[in-house]
$ cat protein.txt   # compact mmCIF, C-alpha atoms
# COMPACT_ATOMS: atom_id res chain seq x y z
CA MET A 190 16.37 -31.97 -122.54
CA ALA A 191 20.13 -31.59 -121.96
CA ARG A 192 19.46 -30.49 -118.41
CA GLY A 193 17.29 -33.56 -117.80
CA ASN A 194 20.00 -35.84 -119.13
CA GLY A 195 22.52 -34.16 -116.84
CA THR A 196 20.31 -34.75 -113.81
CA GLN A 197 19.85 -38.41 -114.74
CA ALA A 198 23.61 -38.84 -115.18
CA LYS A 199 24.22 -37.28 -111.76
CA ARG A 200 21.68 -39.59 -110.13
CA ALA A 201 23.23 -42.60 -111.85
CA LYS A 202 26.68 -41.59 -110.62
CA LEU A 203 25.41 -41.17 -107.04
CA LYS A 204 23.75 -44.56 -107.25
CA VAL A 205 27.03 -46.18 -108.34
CA GLU A 206 28.90 -44.43 -105.50
CA ARG A 207 26.36 -45.60 -102.92
CA LYS A 208 26.54 -49.15 -104.27
CA GLU A 209 30.33 -49.18 -103.99
CA LYS A 210 30.13 -48.10 -100.36
CA ARG A 211 27.53 -50.71 -99.45
CA THR A 212 29.82 -53.71 -99.53
CA GLN A 213 28.04 -55.46 -96.64
CA SER A 214 24.40 -56.42 -96.36
CA LEU A 215 22.24 -54.61 -93.82
CA ARG A 216 21.54 -57.85 -91.94
CA SER A 217 25.26 -58.50 -91.49
CA GLN A 218 25.63 -55.11 -89.80
CA LEU A 219 22.96 -55.60 -87.14
CA VAL A 220 25.61 -56.89 -84.72
CA MET A 221 29.39 -56.63 -84.49
CA PRO A 222 31.44 -59.47 -86.10
CA TYR A 223 32.60 -60.79 -82.71
CA THR A 224 29.02 -60.84 -81.40
CA ARG A 225 27.86 -62.62 -84.56
CA LYS A 226 30.56 -65.26 -83.95
CA LEU A 227 29.26 -65.83 -80.40
CA TYR A 228 25.68 -66.10 -81.69
CA HIS A 229 26.79 -68.63 -84.29
CA GLU A 230 28.55 -70.75 -81.65
CA ALA A 231 25.46 -70.66 -79.41
CA CYS A 232 23.24 -71.85 -82.27
CA ILE A 233 25.64 -74.70 -83.06
CA TRP A 234 25.43 -75.73 -79.40
CA PHE A 235 21.62 -75.59 -79.55
CA PHE A 236 21.33 -77.73 -82.68
CA ASN A 237 23.81 -80.23 -81.23
CA TYR A 238 21.56 -80.39 -78.16
CA LEU A 239 18.48 -81.00 -80.33
CA ASP A 240 20.32 -83.73 -82.22
CA SER A 241 21.54 -85.46 -79.05
CA GLU A 242 18.02 -85.44 -77.58
CA GLY A 243 16.36 -86.51 -80.84
CA ILE A 244 14.26 -83.34 -80.95
CA GLU A 245 13.05 -81.89 -84.24
CA VAL A 246 12.89 -78.17 -84.91
CA PRO A 247 9.34 -77.16 -83.84
CA ALA A 248 6.75 -75.64 -86.15
CA SER A 249 5.13 -73.26 -83.61
CA PHE A 250 6.41 -70.51 -81.32
CA LEU A 251 4.91 -72.22 -78.27
CA GLU A 252 6.77 -75.45 -78.98
CA LEU A 253 9.96 -73.52 -79.70
CA ASP A 254 9.79 -71.75 -76.33
CA ASP A 255 9.25 -75.08 -74.55
CA ILE A 256 12.27 -76.59 -76.28
CA VAL A 257 14.42 -73.54 -75.59
CA CYS A 258 13.41 -73.72 -71.91
CA ALA A 259 14.51 -77.37 -71.85
CA ALA A 260 17.80 -76.37 -73.48
CA VAL A 261 18.35 -73.64 -70.87
CA ASP A 262 17.76 -76.14 -68.07
CA PHE A 263 20.17 -78.56 -69.75
CA ALA A 264 22.84 -75.83 -70.02
CA TRP A 265 22.36 -74.98 -66.35
CA GLY A 266 22.77 -78.59 -65.30
CA GLU A 267 25.82 -79.11 -67.53
CA GLY A 268 27.67 -76.14 -66.03
CA GLU A 269 27.58 -74.04 -69.20
CA PRO A 270 28.07 -70.25 -68.85
CA ARG A 271 24.97 -68.06 -68.67
CA ALA A 272 26.31 -66.02 -71.58
CA LEU A 273 25.76 -69.02 -73.87
CA VAL A 274 22.01 -68.93 -73.17
CA GLY A 275 21.82 -65.15 -73.60
CA ASN A 276 23.61 -65.44 -76.94
CA LEU A 277 21.27 -68.23 -78.04
CA LEU A 278 18.10 -66.29 -77.20
CA SER A 279 19.45 -63.13 -78.83
CA ALA A 280 20.55 -65.06 -81.93
CA ILE A 281 17.14 -66.67 -82.44
CA GLU A 282 15.38 -63.31 -82.20
CA LEU A 283 17.94 -61.63 -84.46
CA TRP A 284 17.94 -64.18 -87.26
CA PHE A 285 14.26 -65.08 -86.93
CA PRO A 286 12.58 -61.73 -86.11
CA ALA A 287 9.12 -63.31 -86.01
CA THR A 288 10.13 -65.08 -82.78
CA HIS A 289 10.64 -61.77 -80.97
CA GLY A 290 8.37 -61.70 -77.92
CA HIS A 291 7.59 -65.42 -78.17
CA LEU A 292 10.51 -66.74 -76.08
CA LYS A 293 9.16 -65.51 -72.76
CA GLY A 294 9.87 -68.76 -70.97
CA GLY A 295 13.46 -68.85 -72.15
CA TRP A 296 14.14 -65.27 -71.09
CA LYS A 297 12.42 -65.89 -67.73
CA LEU A 298 14.79 -68.79 -67.02
CA TRP A 299 17.74 -66.68 -68.16
CA ARG A 300 16.83 -63.98 -65.61
CA LYS A 301 16.34 -66.60 -62.87
CA TRP A 302 19.79 -67.96 -63.70
CA GLY A 303 21.17 -64.47 -63.09
CA ASP A 304 19.42 -64.30 -59.70
CA LYS A 305 20.87 -67.65 -58.64
CA GLU A 306 24.38 -67.20 -59.94
CA LEU A 307 26.09 -63.82 -59.58
CA PRO A 308 28.40 -63.05 -62.50
CA VAL A 309 32.16 -63.10 -61.98
CA ARG A 310 33.05 -59.53 -62.81
CA SER A 311 36.54 -58.42 -63.77
CA PRO A 312 37.89 -56.34 -60.87
CA PRO A 313 38.99 -52.77 -61.63
CA LEU A 314 42.70 -52.52 -62.42
CA SER A 315 44.60 -49.91 -60.46
CA TRP A 316 46.86 -47.38 -62.19
CA GLU A 317 49.92 -49.06 -60.65
CA ALA A 318 48.87 -52.53 -61.85
CA THR A 319 48.16 -51.15 -65.33
CA LEU A 320 51.62 -49.55 -65.50
CA ALA A 321 53.21 -52.84 -64.44
CA MET A 322 51.38 -54.70 -67.23
CA VAL A 323 52.34 -52.06 -69.78
CA ASP A 324 55.97 -52.26 -68.71
CA TYR A 325 56.00 -55.98 -69.55
CA MET A 326 54.20 -55.43 -72.88
CA ILE A 327 56.74 -52.85 -74.01
CA GLU A 328 59.65 -54.95 -72.74
CA TRP A 329 58.35 -57.88 -74.84
CA GLY A 330 58.24 -55.68 -77.94
CA TYR A 331 54.53 -54.78 -77.98
CA PHE A 332 54.84 -51.00 -77.80
CA ASN A 333 51.51 -50.22 -79.47
CA ALA A 334 49.62 -52.65 -77.25
CA GLY A 335 51.18 -51.04 -74.18
CA ILE A 336 50.28 -47.50 -75.24
CA LEU A 337 46.70 -48.44 -76.16
CA THR A 338 46.36 -50.13 -72.76
CA LEU A 339 47.17 -46.77 -71.14
CA VAL A 340 44.74 -45.00 -73.49
CA GLY A 341 42.02 -47.53 -72.64
CA PHE A 342 42.55 -46.97 -68.92
CA ASN A 343 42.55 -43.17 -69.20
CA LEU A 344 39.46 -42.97 -71.42
CA PHE A 345 37.47 -45.89 -69.92
CA LEU A 346 37.31 -47.67 -73.28
CA ARG A 347 35.63 -51.03 -73.76
CA THR A 348 38.04 -53.73 -74.87
CA THR A 349 36.77 -54.03 -78.45
CA GLU A 350 36.67 -50.24 -78.79
CA MET A 351 40.32 -50.05 -77.82
CA THR A 352 41.46 -52.95 -79.99
CA SER A 353 39.51 -51.88 -83.10
CA ILE A 354 40.86 -48.33 -83.50
CA LEU A 355 42.25 -47.63 -86.98
CA THR A 356 44.89 -44.98 -87.73
CA PHE A 357 42.51 -42.66 -89.59
CA GLN A 358 40.17 -42.58 -86.58
CA VAL A 359 42.77 -40.66 -84.54
CA SER A 360 43.59 -36.98 -85.14
CA PHE A 361 45.98 -34.67 -83.28
CA ASN A 362 46.27 -30.92 -82.78
CA ALA A 363 49.37 -29.06 -84.00
CA ASP A 364 51.48 -29.35 -80.83
CA LEU A 365 50.47 -32.96 -80.03
CA SER A 366 48.78 -32.06 -76.76
CA VAL A 367 45.31 -33.37 -77.64
CA ALA A 368 44.16 -36.46 -79.54
CA HIS A 369 40.61 -36.93 -80.79
CA ILE A 370 39.54 -40.55 -81.32
CA VAL A 371 36.46 -41.51 -83.31
CA LEU A 372 35.45 -44.88 -81.91
CA PRO A 373 34.50 -47.90 -84.02
CA LEU A 374 30.71 -48.22 -84.31
CA THR A 375 29.76 -49.33 -80.81
CA LYS A 376 26.67 -51.15 -79.54
CA VAL A 377 25.34 -47.94 -78.01
CA GLY A 378 26.23 -45.93 -81.10
CA ARG A 379 24.50 -48.47 -83.32
CA ARG A 380 21.39 -48.28 -81.15
CA ARG A 381 21.32 -44.47 -81.28
CA SER A 382 22.58 -44.26 -84.88
CA THR A 383 25.41 -41.98 -83.74
CA VAL A 384 29.20 -42.10 -83.92
CA GLU A 385 30.89 -41.86 -80.52
CA SER A 386 34.22 -40.18 -79.90
CA VAL A 387 36.58 -39.46 -77.01
CA THR A 388 39.33 -36.91 -76.37
CA LEU A 389 42.73 -37.65 -74.84
CA ARG A 390 44.38 -34.67 -73.09
CA ASP A 391 47.34 -36.28 -71.31
CA HIS A 392 50.22 -34.58 -73.20
CA LEU A 393 52.76 -37.38 -72.69
CA LEU A 394 50.30 -40.09 -73.61
CA VAL A 395 49.17 -38.16 -76.70
CA ARG A 396 52.78 -38.03 -77.94
CA LEU A 397 53.26 -41.73 -77.23
CA LEU A 398 50.05 -42.51 -79.14
CA ALA A 399 51.32 -40.46 -82.10
CA LYS A 400 54.58 -42.44 -81.99
CA ALA A 401 52.60 -45.72 -81.97
CA ILE A 402 50.48 -44.66 -84.95
CA ALA A 403 53.60 -43.64 -86.90
CA GLN A 404 54.63 -47.33 -86.87
CA VAL A 405 51.40 -48.47 -88.54
CA SER A 406 50.55 -48.39 -92.23
CA PRO A 407 47.74 -45.93 -93.14
CA GLY A 408 44.33 -47.37 -92.33
CA GLY A 409 45.77 -50.20 -90.24
CA LEU A 410 44.94 -51.29 -86.71
CA VAL A 411 46.82 -49.15 -84.20
CA LEU A 412 47.05 -52.20 -81.92
CA GLN A 413 48.77 -54.28 -84.65
CA MET A 414 47.10 -57.48 -83.41
CA SER A 415 43.65 -59.02 -83.09
CA THR A 416 41.41 -58.66 -80.04
CA SER A 417 41.94 -62.31 -79.09
CA GLN A 418 45.71 -61.88 -79.34
CA TYR A 419 45.50 -58.81 -77.12
CA ARG A 420 43.45 -60.68 -74.53
CA LYS A 421 46.13 -63.37 -74.45
CA LEU A 422 48.94 -60.81 -74.19
CA SER A 423 47.05 -58.96 -71.45
CA GLY A 424 46.67 -62.19 -69.48
CA GLN A 425 50.38 -62.93 -69.81
CA ALA A 426 51.30 -59.42 -68.69
CA ALA A 427 48.92 -59.61 -65.72
CA LYS A 428 50.45 -62.92 -64.68
CA ALA A 429 53.98 -61.54 -65.04
CA ALA A 430 52.96 -58.57 -62.88
CA GLY A 431 51.76 -60.96 -60.17
CA LEU A 432 48.04 -60.26 -60.64
CA PRO A 433 45.38 -62.97 -60.10
CA SER A 434 43.84 -64.57 -63.20
CA LEU A 435 40.57 -62.83 -62.28
CA PHE A 436 41.90 -59.60 -63.83
CA LYS A 437 40.76 -59.16 -67.45
CA PRO A 438 41.11 -56.37 -70.07
CA TYR A 439 37.66 -54.97 -69.16
CA GLY A 440 39.20 -54.16 -65.77
CA LEU A 441 40.93 -51.24 -67.53
CA ARG A 442 37.56 -49.54 -68.14
CA ARG A 443 36.43 -50.21 -64.58
CA GLY A 444 39.77 -49.19 -63.12
CA GLY A 445 40.00 -45.95 -65.08
CA ALA A 446 36.47 -44.95 -64.11
CA THR A 447 37.06 -45.86 -60.46
CA ARG A 448 40.28 -43.82 -60.31
CA HIS A 449 38.58 -40.83 -61.95
CA PHE A 450 35.62 -40.90 -59.55
CA GLN A 451 37.85 -41.31 -56.50
CA SER A 452 39.93 -38.29 -57.53
CA THR A 453 37.02 -36.03 -58.57
CA SER A 454 33.99 -37.30 -56.59
CA ASN A 455 32.03 -36.32 -59.70
CA MET A 456 29.77 -39.17 -60.78
CA ALA A 457 28.09 -37.14 -63.53
CA LEU A 458 31.43 -36.40 -65.22
CA THR A 459 32.59 -40.00 -64.81
CA MET A 460 29.37 -41.23 -66.43
CA GLU A 461 29.79 -38.75 -69.29
CA MET A 462 33.38 -39.83 -69.94
CA GLY A 463 32.46 -43.50 -69.73
CA ARG A 464 29.33 -42.97 -71.86
CA TRP A 465 27.06 -44.67 -69.33
CA GLN A 466 23.36 -43.79 -69.47
CA HIS A 467 22.31 -45.26 -66.14
CA ILE A 468 23.89 -44.48 -62.79
CA ALA A 469 23.26 -48.04 -61.54
CA THR A 470 25.46 -49.42 -64.33
CA ALA A 471 28.15 -46.81 -63.67
CA ARG A 472 28.22 -47.61 -59.94
CA ILE A 473 28.96 -51.27 -60.66
$ encode --input "protein.txt" --output "structure tokens"
Amino acid sequence: MARGNGTQAKRAKLKVERKEKRTQSLRSQLVMPYTRKLYHEACIWFFNYLDSEGIEVPASFLELDDIVCAAVDFAWGEGEPRALVGNLLSAIELWFPATHGHLKGGWKLWRKWGDKELPVRSPPLSWEATLAMVDYMIEWGYFNAGILTLVGFNLFLRTTEMTSILTFQVSFNADLSVAHIVLPLTKVGRRRSTVESVTLRDHLLVRLLAKAIAQVSPGGLVLQMSTSQYRKLSGQAAKAAGLPSLFKPYGLRRGGATRHFQSTSNMALTMEMGRWQHIATARI
């Protein structure tokens, strides 16, 4: 009997521990917070459209697809970005799972939009341009942002991966020649249910990263600013360096990968470092 009570107590304790860790609902974790914000904005736009046109929310999937198609056409004619429509379609299917597979017309128009209007892609940043931007960041007092910009370029990090790194996600070897970074849960990692990580082997940059982390309280953001603040700072640094406004933070990932491939001629290794699954995506 005593043994049975001990087992029950252990199970109860484990249950309490699991409950304490599960501070967020499962539904809230289906997409990243920034993506959820974009989905929310797209839905607000859609309901404002319905209100302006005097359209009621339909009761059938067929009617919903027709109305969404009309909304897509309206967005096209009004000069809205294609991303708005993609976010809207994704949001509807995420928050109303029963609609999945019933918005064929809306997705068909979204693909046609892509055929008619090529996306404006952020050009790859060169190493020299990146150094110029970092020089301005550090000069303006944003040391951590400058160092993470170099890390992002060297490791082909996505912008939100780079800006979301917390201090405890970075570990160093004894002589500060290697840094291992466990990335925030990425879209690909979420899809595969795996945690992605990268390794930094540039000795000087590893030491600079350690210096940056030493300035941050335990568990804090290494960047010491939000993603939106970094985007603004990056734009200011690019402008100060004489770069066109077309250059965006994602150009660091493209630039780092381009530089690596040009120096190694090894597409397989570049894809592995950049965590790309498909060669067509990597070639872009």
$ closest_residue --input "protein.txt" --among "A:Ser249, A:Gln218, A:Ile327, A:Trp299" --to "Leu283 (chain A)" --atoms "all atoms listed in the file"
A:Gln218
$ residues_around --input "protein.txt" --residues "Ile402 (chain A)" --least-positions-apart "5" --cutoff "12 Å" --atoms "all atoms listed in the file" --output "short mmCIF file (atom, residue, chain, number, x, y, z; two decimals) with C-alpha atoms, in the frame of the given file"
data_model
loop_
_atom_site.label_atom_id
_atom_site.label_comp_id
_atom_site.auth_asym_id
_atom_site.auth_seq_id
_atom_site.Cartn_x
_atom_site.Cartn_y
_atom_site.Cartn_z
CA PHE A 332 54.84 -51.00 -77.80
CA ASN A 333 51.51 -50.22 -79.47
CA ALA A 334 49.62 -52.65 -77.25
CA ILE A 336 50.28 -47.50 -75.24
CA LEU A 337 46.70 -48.44 -76.16
CA ILE A 354 40.86 -48.33 -83.50
CA LEU A 355 42.25 -47.63 -86.98
CA THR A 356 44.89 -44.98 -87.73
CA PHE A 357 42.51 -42.66 -89.59
CA GLN A 358 40.17 -42.58 -86.58
CA VAL A 359 42.77 -40.66 -84.54
CA SER A 360 43.59 -36.98 -85.14
CA PHE A 361 45.98 -34.67 -83.28
CA ALA A 368 44.16 -36.46 -79.54
CA VAL A 395 49.17 -38.16 -76.70
CA ARG A 396 52.78 -38.03 -77.94
CA LEU A 397 53.26 -41.73 -77.23
CA PRO A 407 47.74 -45.93 -93.14
CA GLY A 408 44.33 -47.37 -92.33
CA GLY A 409 45.77 -50.20 -90.24
CA LEU A 410 44.94 -51.29 -86.71
CA VAL A 411 46.82 -49.15 -84.20
CA LEU A 412 47.05 -52.20 -81.92
CA GLN A 413 48.77 -54.28 -84.65
#
$ closest_residue --input "protein.txt" --among "A:Leu346, A:Leu314, A:Val384, A:Ala260" --to "Phe436 (chain A)" --atoms "only C-alpha atoms"
A:Leu314
$ closest_residue --input "protein.txt" --among "A:Arg443, A:Ala318, A:Thr388, A:Tyr223" --to "Lys428 (chain A)" --atoms "only C-alpha atoms"
A:Ala318
$ atom_distance --input "protein.txt" --atom1 "CA of Asp254 (chain A)" --atom2 "CA of Leu292 (chain A)"
5.1 Å
$ residues_around --input "protein.txt" --residues "region 267-282 of chain A" --least-positions-apart "4" --cutoff "12 Å" --atoms "all atoms listed in the file" --output "PyMOL selection string"
chain A and resi 219-220+223-236+238+250+253-254+256-263+286-309
$ atom_distance --input "protein.txt" --atom1 "CA of Arg347 (chain A)" --atom2 "CA of Gly463 (chain A)"
9.1 Å
$ closest_residue --input "protein.txt" --among "A:Glu252, A:Asp364, A:Leu441, A:Arg200" --to "His392 (chain A)" --atoms "only C-alpha atoms"
A:Asp364
$ closest_residue --input "protein.txt" --among "A:Ser311, A:Ser454, A:Gln418, A:Gln425" --to "Met326 (chain A)" --atoms "all atoms listed in the file"
A:Gln425
$ atom_distance --input "protein.txt" --atom1 "CA of Ala401 (chain A)" --atom2 "CA of Met351 (chain A)"
13.7 Å
$ residues_around --input "protein.txt" --residues "Ile468 (chain A)" --least-positions-apart "5" --cutoff "9 Å" --atoms "only C-alpha atoms" --output "list in words"
Met456, Ala457, Met460 and Ile473 of chain A
$ residues_around --input "protein.txt" --residues "Arg420 (chain A)" --least-positions-apart "3" --cutoff "9 Å" --atoms "all atoms listed in the file" --output "PyMOL selection string"
chain A and resi 348+415-417+423-425+437-438
$ axis_aligned_box --input "protein.txt" --around "region 268-278 of chain A" --padding-each-side "5 Å" --output "lines of an AutoDock Vina configuration file"
center_x = 23.1
center_y = -70.6
center_z = -72.0
size_x = 20.0
size_y = 21.0
size_z = 22.0
$ residues_near_point --input "protein.txt" --point "(43.7, -45.7, -64.1)" --cutoff "7 Å" --atoms "all atoms listed in the file" --output "list in words"
Ser315, Trp316, Phe342, Asn343, Gly444, Gly445 and Arg448 of chain A
$ closest_residue --input "protein.txt" --among "A:Ala321, A:Leu344, A:Ala403, A:Leu432" --to "Val387 (chain A)" --atoms "all atoms listed in the file"
A:Leu344
$ decode --input "protein.txt" --residues "region 322-333 of chain A" --atoms "all heavy atoms" --output "PDB file, in the first residue's frame"
ATOM      1  N   MET A 322      27.857  48.603 -42.218  1.00  0.00           N
ATOM      2  CA  MET A 322      26.669  48.770 -41.382  1.00  0.00           C
ATOM      3  C   MET A 322      26.991  48.529 -39.907  1.00  0.00           C
ATOM      4  O   MET A 322      26.570  49.281 -39.024  1.00  0.00           O
ATOM      5  CB  MET A 322      25.572  47.806 -41.841  1.00  0.00           C
ATOM      6  CG  MET A 322      24.962  48.151 -43.185  1.00  0.00           C
ATOM      7  SD  MET A 322      23.844  46.843 -43.793  1.00  0.00           S
ATOM      8  CE  MET A 322      22.656  46.749 -42.456  1.00  0.00           C
ATOM      9  N   VAL A 323      27.769  47.478 -39.652  1.00  0.00           N
ATOM     10  CA  VAL A 323      28.144  47.150 -38.277  1.00  0.00           C
ATOM     11  C   VAL A 323      28.974  48.265 -37.661  1.00  0.00           C
ATOM     12  O   VAL A 323      28.821  48.585 -36.475  1.00  0.00           O
ATOM     13  CB  VAL A 323      28.910  45.802 -38.251  1.00  0.00           C
ATOM     14  CG1 VAL A 323      29.535  45.559 -36.877  1.00  0.00           C
ATOM     15  CG2 VAL A 323      27.974  44.656 -38.611  1.00  0.00           C
ATOM     16  N   ASP A 324      29.849  48.850 -38.448  1.00  0.00           N
ATOM     17  CA  ASP A 324      30.681  49.954 -37.959  1.00  0.00           C
ATOM     18  C   ASP A 324      29.807  51.097 -37.441  1.00  0.00           C
ATOM     19  O   ASP A 324      30.078  51.664 -36.375  1.00  0.00           O
ATOM     20  CB  ASP A 324      31.597  50.447 -39.081  1.00  0.00           C
ATOM     21  CG  ASP A 324      32.587  51.492 -38.591  1.00  0.00           C
ATOM     22  OD1 ASP A 324      33.314  51.219 -37.619  1.00  0.00           O
ATOM     23  OD2 ASP A 324      32.624  52.594 -39.175  1.00  0.00           O
ATOM     24  N   TYR A 325      28.743  51.424 -38.183  1.00  0.00           N
ATOM     25  CA  TYR A 325      27.834  52.489 -37.750  1.00  0.00           C
ATOM     26  C   TYR A 325      27.066  52.070 -36.495  1.00  0.00           C
ATOM     27  O   TYR A 325      26.877  52.867 -35.573  1.00  0.00           O
ATOM     28  CB  TYR A 325      26.864  52.853 -38.869  1.00  0.00           C
ATOM     29  CG  TYR A 325      27.471  53.784 -39.896  1.00  0.00           C
ATOM     30  CD1 TYR A 325      27.831  53.317 -41.162  1.00  0.00           C
ATOM     31  CD2 TYR A 325      27.688  55.135 -39.589  1.00  0.00           C
ATOM     32  CE1 TYR A 325      28.398  54.164 -42.102  1.00  0.00           C
ATOM     33  CE2 TYR A 325      28.252  55.981 -40.533  1.00  0.00           C
ATOM     34  CZ  TYR A 325      28.608  55.497 -41.782  1.00  0.00           C
ATOM     35  OH  TYR A 325      29.177  56.346 -42.710  1.00  0.00           O
ATOM     36  N   MET A 326      26.601  50.824 -36.447  1.00  0.00           N
ATOM     37  CA  MET A 326      25.856  50.346 -35.281  1.00  0.00           C
ATOM     38  C   MET A 326      26.687  50.480 -34.009  1.00  0.00           C
ATOM     39  O   MET A 326      26.211  50.981 -32.981  1.00  0.00           O
ATOM     40  CB  MET A 326      25.436  48.881 -35.482  1.00  0.00           C
ATOM     41  CG  MET A 326      24.354  48.668 -36.526  1.00  0.00           C
ATOM     42  SD  MET A 326      23.941  46.893 -36.682  1.00  0.00           S
ATOM     43  CE  MET A 326      22.751  46.944 -38.034  1.00  0.00           C
ATOM     44  N   ILE A 327      27.935  50.027 -34.086  1.00  0.00           N
ATOM     45  CA  ILE A 327      28.806  50.084 -32.903  1.00  0.00           C
ATOM     46  C   ILE A 327      29.141  51.528 -32.547  1.00  0.00           C
ATOM     47  O   ILE A 327      29.170  51.906 -31.370  1.00  0.00           O
ATOM     48  CB  ILE A 327      30.081  49.261 -33.151  1.00  0.00           C
ATOM     49  CG1 ILE A 327      29.714  47.764 -33.282  1.00  0.00           C
ATOM     50  CG2 ILE A 327      31.092  49.462 -32.019  1.00  0.00           C
ATOM     51  CD1 ILE A 327      30.889  46.859 -33.602  1.00  0.00           C
ATOM     52  N   GLU A 328      29.356  52.348 -33.568  1.00  0.00           N
ATOM     53  CA  GLU A 328      29.652  53.769 -33.333  1.00  0.00           C
ATOM     54  C   GLU A 328      28.485  54.461 -32.634  1.00  0.00           C
ATOM     55  O   GLU A 328      28.684  55.337 -31.785  1.00  0.00           O
ATOM     56  CB  GLU A 328      29.952  54.469 -34.663  1.00  0.00           C
ATOM     57  CG  GLU A 328      30.308  55.939 -34.523  1.00  0.00           C
ATOM     58  CD  GLU A 328      30.543  56.609 -35.859  1.00  0.00           C
ATOM     59  OE1 GLU A 328      30.966  55.910 -36.816  1.00  0.00           O
ATOM     60  OE2 GLU A 328      30.301  57.830 -35.969  1.00  0.00           O
ATOM     61  N   TRP A 329      27.259  54.032 -32.940  1.00  0.00           N
ATOM     62  CA  TRP A 329      26.057  54.636 -32.331  1.00  0.00           C
ATOM     63  C   TRP A 329      25.742  54.032 -30.966  1.00  0.00           C
ATOM     64  O   TRP A 329      24.752  54.407 -30.332  1.00  0.00           O
ATOM     65  CB  TRP A 329      24.855  54.441 -33.249  1.00  0.00           C
ATOM     66  CG  TRP A 329      24.979  55.156 -34.569  1.00  0.00           C
ATOM     67  CD1 TRP A 329      25.756  56.243 -34.858  1.00  0.00           C
ATOM     68  CD2 TRP A 329      24.305  54.814 -35.802  1.00  0.00           C
ATOM     69  NE1 TRP A 329      25.616  56.605 -36.182  1.00  0.00           N
ATOM     70  CE2 TRP A 329      24.735  55.748 -36.786  1.00  0.00           C
ATOM     71  CE3 TRP A 329      23.392  53.830 -36.171  1.00  0.00           C
ATOM     72  CZ2 TRP A 329      24.270  55.719 -38.095  1.00  0.00           C
ATOM     73  CZ3 TRP A 329      22.930  53.800 -37.471  1.00  0.00           C
ATOM     74  CH2 TRP A 329      23.364  54.733 -38.421  1.00  0.00           C
ATOM     75  N   GLY A 330      26.557  53.092 -30.514  1.00  0.00           N
ATOM     76  CA  GLY A 330      26.356  52.516 -29.187  1.00  0.00           C
ATOM     77  C   GLY A 330      25.589  51.205 -29.154  1.00  0.00           C
ATOM     78  O   GLY A 330      25.197  50.745 -28.075  1.00  0.00           O
ATOM     79  N   TYR A 331      25.391  50.584 -30.315  1.00  0.00           N
ATOM     80  CA  TYR A 331      24.640  49.319 -30.375  1.00  0.00           C
ATOM     81  C   TYR A 331      25.606  48.166 -30.651  1.00  0.00           C
ATOM     82  O   TYR A 331      25.561  47.537 -31.715  1.00  0.00           O
ATOM     83  CB  TYR A 331      23.557  49.397 -31.445  1.00  0.00           C
ATOM     84  CG  TYR A 331      22.540  50.494 -31.208  1.00  0.00           C
ATOM     85  CD1 TYR A 331      22.581  51.684 -31.936  1.00  0.00           C
ATOM     86  CD2 TYR A 331      21.555  50.354 -30.235  1.00  0.00           C
ATOM     87  CE1 TYR A 331      21.661  52.695 -31.712  1.00  0.00           C
ATOM     88  CE2 TYR A 331      20.629  51.360 -30.004  1.00  0.00           C
ATOM     89  CZ  TYR A 331      20.693  52.528 -30.747  1.00  0.00           C
ATOM     90  OH  TYR A 331      19.781  53.528 -30.520  1.00  0.00           O
ATOM     91  N   PHE A 332      26.463  47.903 -29.676  1.00  0.00           N
ATOM     92  CA  PHE A 332      27.497  46.880 -29.843  1.00  0.00           C
ATOM     93  C   PHE A 332      26.886  45.504 -30.087  1.00  0.00           C
ATOM     94  O   PHE A 332      27.283  44.790 -31.019  1.00  0.00           O
ATOM     95  CB  PHE A 332      28.384  46.838 -28.593  1.00  0.00           C
ATOM     96  CG  PHE A 332      29.460  45.786 -28.640  1.00  0.00           C
ATOM     97  CD1 PHE A 332      30.624  46.007 -29.363  1.00  0.00           C
ATOM     98  CD2 PHE A 332      29.306  44.573 -27.973  1.00  0.00           C
ATOM     99  CE1 PHE A 332      31.618  45.034 -29.419  1.00  0.00           C
ATOM    100  CE2 PHE A 332      30.296  43.600 -28.025  1.00  0.00           C
ATOM    101  CZ  PHE A 332      31.460  43.836 -28.749  1.00  0.00           C
ATOM    102  N   ASN A 333      25.923  45.114 -29.275  1.00  0.00           N
ATOM    103  CA  ASN A 333      25.326  43.778 -29.408  1.00  0.00           C
ATOM    104  C   ASN A 333      24.645  43.590 -30.745  1.00  0.00           C
ATOM    105  O   ASN A 333      24.730  42.527 -31.363  1.00  0.00           O
ATOM    106  CB  ASN A 333      24.344  43.533 -28.272  1.00  0.00           C
ATOM    107  CG  ASN A 333      25.045  43.241 -26.962  1.00  0.00           C
ATOM    108  OD1 ASN A 333      26.109  43.780 -26.688  1.00  0.00           O
ATOM    109  ND2 ASN A 333      24.454  42.393 -26.138  1.00  0.00           N
TER     110      ASN A 333
END
